[in-house]
Amino acid sequence: MEEQKEIQIMKRIVLVRHGESQWNKENRFTGWTNVDLSPKGIEEAENSGALLKQEGFSFQMAYTSYLKRAIKTLNCVLDKMDQDWIPVLKSWRLNEKHYGMLQGLNKSETAAKYGDEQVHIWRRSYDVAPHALAEDDPQNPKNDPRYAQVPDAYLPRTESLKDAIARVMPYWECEIFPRLKVMDSILVVAHGNSLRGIVKHLKNISDSDIAGLNIPTAVPYVFEFDNELNLKRDYYLGDQDEIRRKQEAVAKQGSAAK
């Protein structure tokens with residue numbers, strides 16, 4: 001009797017956090033602030049695209065947020081892959097977690113003022129949000145033309161990870177994931193916390209354990225599914241020691257001792 005052949009993995013979704021932004025470099029809370037990539041971030045994004053091409057990846061569709069650092073990362077990746085032509089959809093629902101009044105503040109200075117534990121709670125807890133922006137704050141998203149078509153009730157002034165996931169998941173469940181029924185490979189370029197929400201869902205990570213998930217910048221995170229869309233395996237693409245180093249650097253961003 002012939003041995004039963006292993007089920008062939010046919011479907012992929014690759015998640016990529018944007019490359020280093022200028023405020024990542026300055027260790028600032030960014031949230032919905034529209035900050036550009038740093039020179040290092042551009043290099044990271046280009047390296048990500050080159051790696052995906054080298055490993056034989058190709059995509060039929062891509063998704064990103066409304067924020068420049070994610071859009072530019074996607075553009076760099078697709079340019080390096082010679083796949084600039086594929087359809088791209090942008091959604092505010094893939095934006096980073098809104099950090100409220102913390103946006104623009106230096107993480108280490110904030111930790112020195114409020115303590116490492118409090119900043120860790122603001123950055124990594126599941127259901128604690130920072131203090132909200134005031135309604136007359138210039139950073140309030142209701143004043144931003146890119147969100148003019150979004151009902152004001154949906155626009156956050158702050159968010160916990162739980163809030164951000166509640167924003168992201170309808171788009172994931174109704175738009176992105178169903179595309180795998182008719183496509184084989186999809187690219188999603190977004191942000192640390194919007195992607196943490198997706199990974200939490202895919203891997204059934206608990207509310208408490210999600211605090212330990214740190215997604216490095218511009219490293220392709222591959223999720224493979226069978227034809228029934230059951231998750232079979234997930235892995236980061238690239239040098240694993242370097243990826244661990246980058247994850248550790250993300251974890252330390254909120255510490256006063258920098």
# chains A, B, ... in the order shown; residues from 1 in each chain; ligands from 1

$ closest_atom_pairs --of "stretch 59-173 of chain A" --to "stretch 18-31 of chain A" --cutoff "6 Å" --atoms "only C-alpha atoms" --output "tab-separated table"
residue	atom	partner	partner_atom	distance
A:Ala70	CA	A:His18	CA	4.9
A:Thr73	CA	A:His18	CA	5.5
A:Glu96	CA	A:Gly31	CA	5.3
A:Lys97	CA	A:Gly31	CA	5.5
A:His98	CA	A:Gly31	CA	4.6
A:Tyr99	CA	A:Gly31	CA	5.1
A:Gln103	CA	A:Phe29	CA	4.8
A:Gly104	CA	A:Phe29	CA	5.3
A:Leu105	CA	A:Arg28	CA	5.2
A:Asn106	CA	A:Arg28	CA	4.2
A:Lys107	CA	A:Arg28	CA	5.5

$ select_by_dssp --residues "stretch 53-144 of chain A" --states "helix (DSSP H, G or I)" --output "number ranges by chain"
A: 53-54, 68-81, 92-94, 100-102, 107-114, 116-124, 141-143

$ residues_around --residues "stretch 88-91 of chain A" --least-positions-apart "4" --cutoff "9 Å" --atoms "only C-alpha atoms" --output "list in words"
Met61, Ala62, Tyr63, Thr64, Ser65, Tyr66, Ile71, Asn95 and Tyr171 of chain A

$ write_last_selection --atoms "N, CA and C atoms" --output "PDB file, in the first residue's frame"
ATOM      1  N   MET A  61      -2.740  39.734  -4.008  1.00  0.00           N
ATOM      2  CA  MET A  61      -3.394  40.923  -3.476  1.00  0.00           C
ATOM      3  C   MET A  61      -2.660  41.364  -2.218  1.00  0.00           C
ATOM      4  N   ALA A  62      -2.749  42.661  -1.911  1.00  0.00           N
ATOM      5  CA  ALA A  62      -2.100  43.191  -0.714  1.00  0.00           C
ATOM      6  C   ALA A  62      -3.037  44.164  -0.004  1.00  0.00           C
ATOM      7  N   TYR A  63      -2.838  44.268   1.303  1.00  0.00           N
ATOM      8  CA  TYR A  63      -3.618  45.163   2.154  1.00  0.00           C
ATOM      9  C   TYR A  63      -2.681  45.985   3.020  1.00  0.00           C
ATOM     10  N   THR A  64      -3.092  47.205   3.324  1.00  0.00           N
ATOM     11  CA  THR A  64      -2.331  48.022   4.261  1.00  0.00           C
ATOM     12  C   THR A  64      -3.268  49.028   4.932  1.00  0.00           C
ATOM     13  N   SER A  65      -2.693  49.843   5.816  1.00  0.00           N
ATOM     14  CA  SER A  65      -3.477  50.815   6.578  1.00  0.00           C
ATOM     15  C   SER A  65      -3.536  52.146   5.843  1.00  0.00           C
ATOM     16  N   TYR A  66      -4.027  53.178   6.526  1.00  0.00           N
ATOM     17  CA  TYR A  66      -4.051  54.536   5.983  1.00  0.00           C
ATOM     18  C   TYR A  66      -2.810  55.326   6.374  1.00  0.00           C
ATOM     19  N   ILE A  71       2.156  52.158   4.306  1.00  0.00           N
ATOM     20  CA  ILE A  71       1.995  52.268   2.858  1.00  0.00           C
ATOM     21  C   ILE A  71       3.347  52.267   2.162  1.00  0.00           C
ATOM     22  N   ASN A  95      -5.038  50.366  10.876  1.00  0.00           N
ATOM     23  CA  ASN A  95      -4.162  51.311  11.568  1.00  0.00           C
ATOM     24  C   ASN A  95      -3.632  50.739  12.880  1.00  0.00           C
ATOM     25  N   TYR A 171     -12.739  43.562   9.579  1.00  0.00           N
ATOM     26  CA  TYR A 171     -12.109  43.666   8.260  1.00  0.00           C
ATOM     27  C   TYR A 171     -11.377  42.382   7.909  1.00  0.00           C
TER      28      TYR A 171
END

$ residues_around --residues "stretch 142-158 of chain A" --least-positions-apart "6" --cutoff "10 Å" --atoms "only C-alpha atoms" --output "list in words"
Gly31, Trp32, Tyr66, Leu67, Ser91, Trp92, Arg93, Lys97, His98, Tyr99, Gly100, Met101, Leu102, Gln103, Ala129, Pro130, His131, Ala132, Leu133, Ala134, Glu135, Asp136, Ala164 and Arg167 of chain A

$ closest_atom_pairs --of "stretch 133-211 of chain A" --to "stretch 228-235 of chain A" --cutoff "10 Å" --atoms "only C-alpha atoms" --output "tab-separated table"
residue	atom	partner	partner_atom	distance
A:Phe177	CA	A:Leu229	CA	8.9
A:Pro178	CA	A:Leu229	CA	9.2
A:Leu180	CA	A:Leu229	CA	7.5
A:Lys181	CA	A:Leu229	CA	7.8
A:Val199	CA	A:Asp234	CA	9.9
A:Leu202	CA	A:Leu231	CA	7.6
A:Lys203	CA	A:Leu231	CA	8.5

$ residues_around --residues "stretch 122-127 of chain A" --least-positions-apart "6" --cutoff "7 Å" --atoms "only C-alpha atoms" --output "list in words"
Ser160, Leu161, Lys162, Asp207 and Ala211 of chain A

$ residues_around --residues "stretch 247-254 of chain A" --least-positions-apart "6" --cutoff "6 Å" --atoms "only C-alpha atoms" --output "list in words"
Lys107, Ser108, Asn214 and Pro216 of chain A

$ select_by_dssp --residues "stretch 146-227 of chain A" --states "strand (DSSP E or B)" --output "PyMOL selection string"
chain A and resi 185-190+221-225

$ write_last_selection --atoms "N, CA and C atoms" --output "mmCIF file, in the first residue's frame"
data_model
loop_
_atom_site.group_PDB
_atom_site.id
_atom_site.type_symbol
_atom_site.label_atom_id
_atom_site.label_comp_id
_atom_site.auth_asym_id
_atom_site.auth_seq_id
_atom_site.Cartn_x
_atom_site.Cartn_y
_atom_site.Cartn_z
ATOM 1 N N SER A 185 -2.210 33.485 -2.200
ATOM 2 C CA SER A 185 -1.201 34.189 -1.411
ATOM 3 C C SER A 185 -1.542 35.668 -1.287
ATOM 4 N N ILE A 186 -1.590 36.143 -0.040
ATOM 5 C CA ILE A 186 -1.993 37.520 0.267
ATOM 6 C C ILE A 186 -0.949 38.135 1.185
ATOM 7 N N LEU A 187 -0.680 39.426 0.974
ATOM 8 C CA LEU A 187 0.270 40.177 1.798
ATOM 9 C C LEU A 187 -0.480 41.244 2.588
ATOM 10 N N VAL A 188 -0.192 41.322 3.887
ATOM 11 C CA VAL A 188 -0.781 42.352 4.750
ATOM 12 C C VAL A 188 0.359 43.105 5.422
ATOM 13 N N VAL A 189 0.476 44.395 5.131
ATOM 14 C CA VAL A 189 1.499 45.241 5.760
ATOM 15 C C VAL A 189 0.783 46.228 6.679
ATOM 16 N N ALA A 190 1.049 46.133 7.963
ATOM 17 C CA ALA A 190 0.329 46.985 8.917
ATOM 18 C C ALA A 190 1.245 47.348 10.078
ATOM 19 N N TYR A 221 6.178 37.451 8.302
ATOM 20 C CA TYR A 221 5.637 36.439 9.200
ATOM 21 C C TYR A 221 4.638 35.627 8.379
ATOM 22 N N VAL A 222 4.987 34.387 8.085
ATOM 23 C CA VAL A 222 4.251 33.572 7.135
ATOM 24 C C VAL A 222 3.272 32.652 7.861
ATOM 25 N N PHE A 223 2.021 32.643 7.405
ATOM 26 C CA PHE A 223 0.994 31.728 7.896
ATOM 27 C C PHE A 223 0.535 30.870 6.728
ATOM 28 N N GLU A 224 0.608 29.551 6.892
ATOM 29 C CA GLU A 224 0.248 28.624 5.834
ATOM 30 C C GLU A 224 -1.007 27.848 6.229
ATOM 31 N N PHE A 225 -1.906 27.688 5.260
ATOM 32 C CA PHE A 225 -3.206 27.057 5.475
ATOM 33 C C PHE A 225 -3.415 25.958 4.444
#
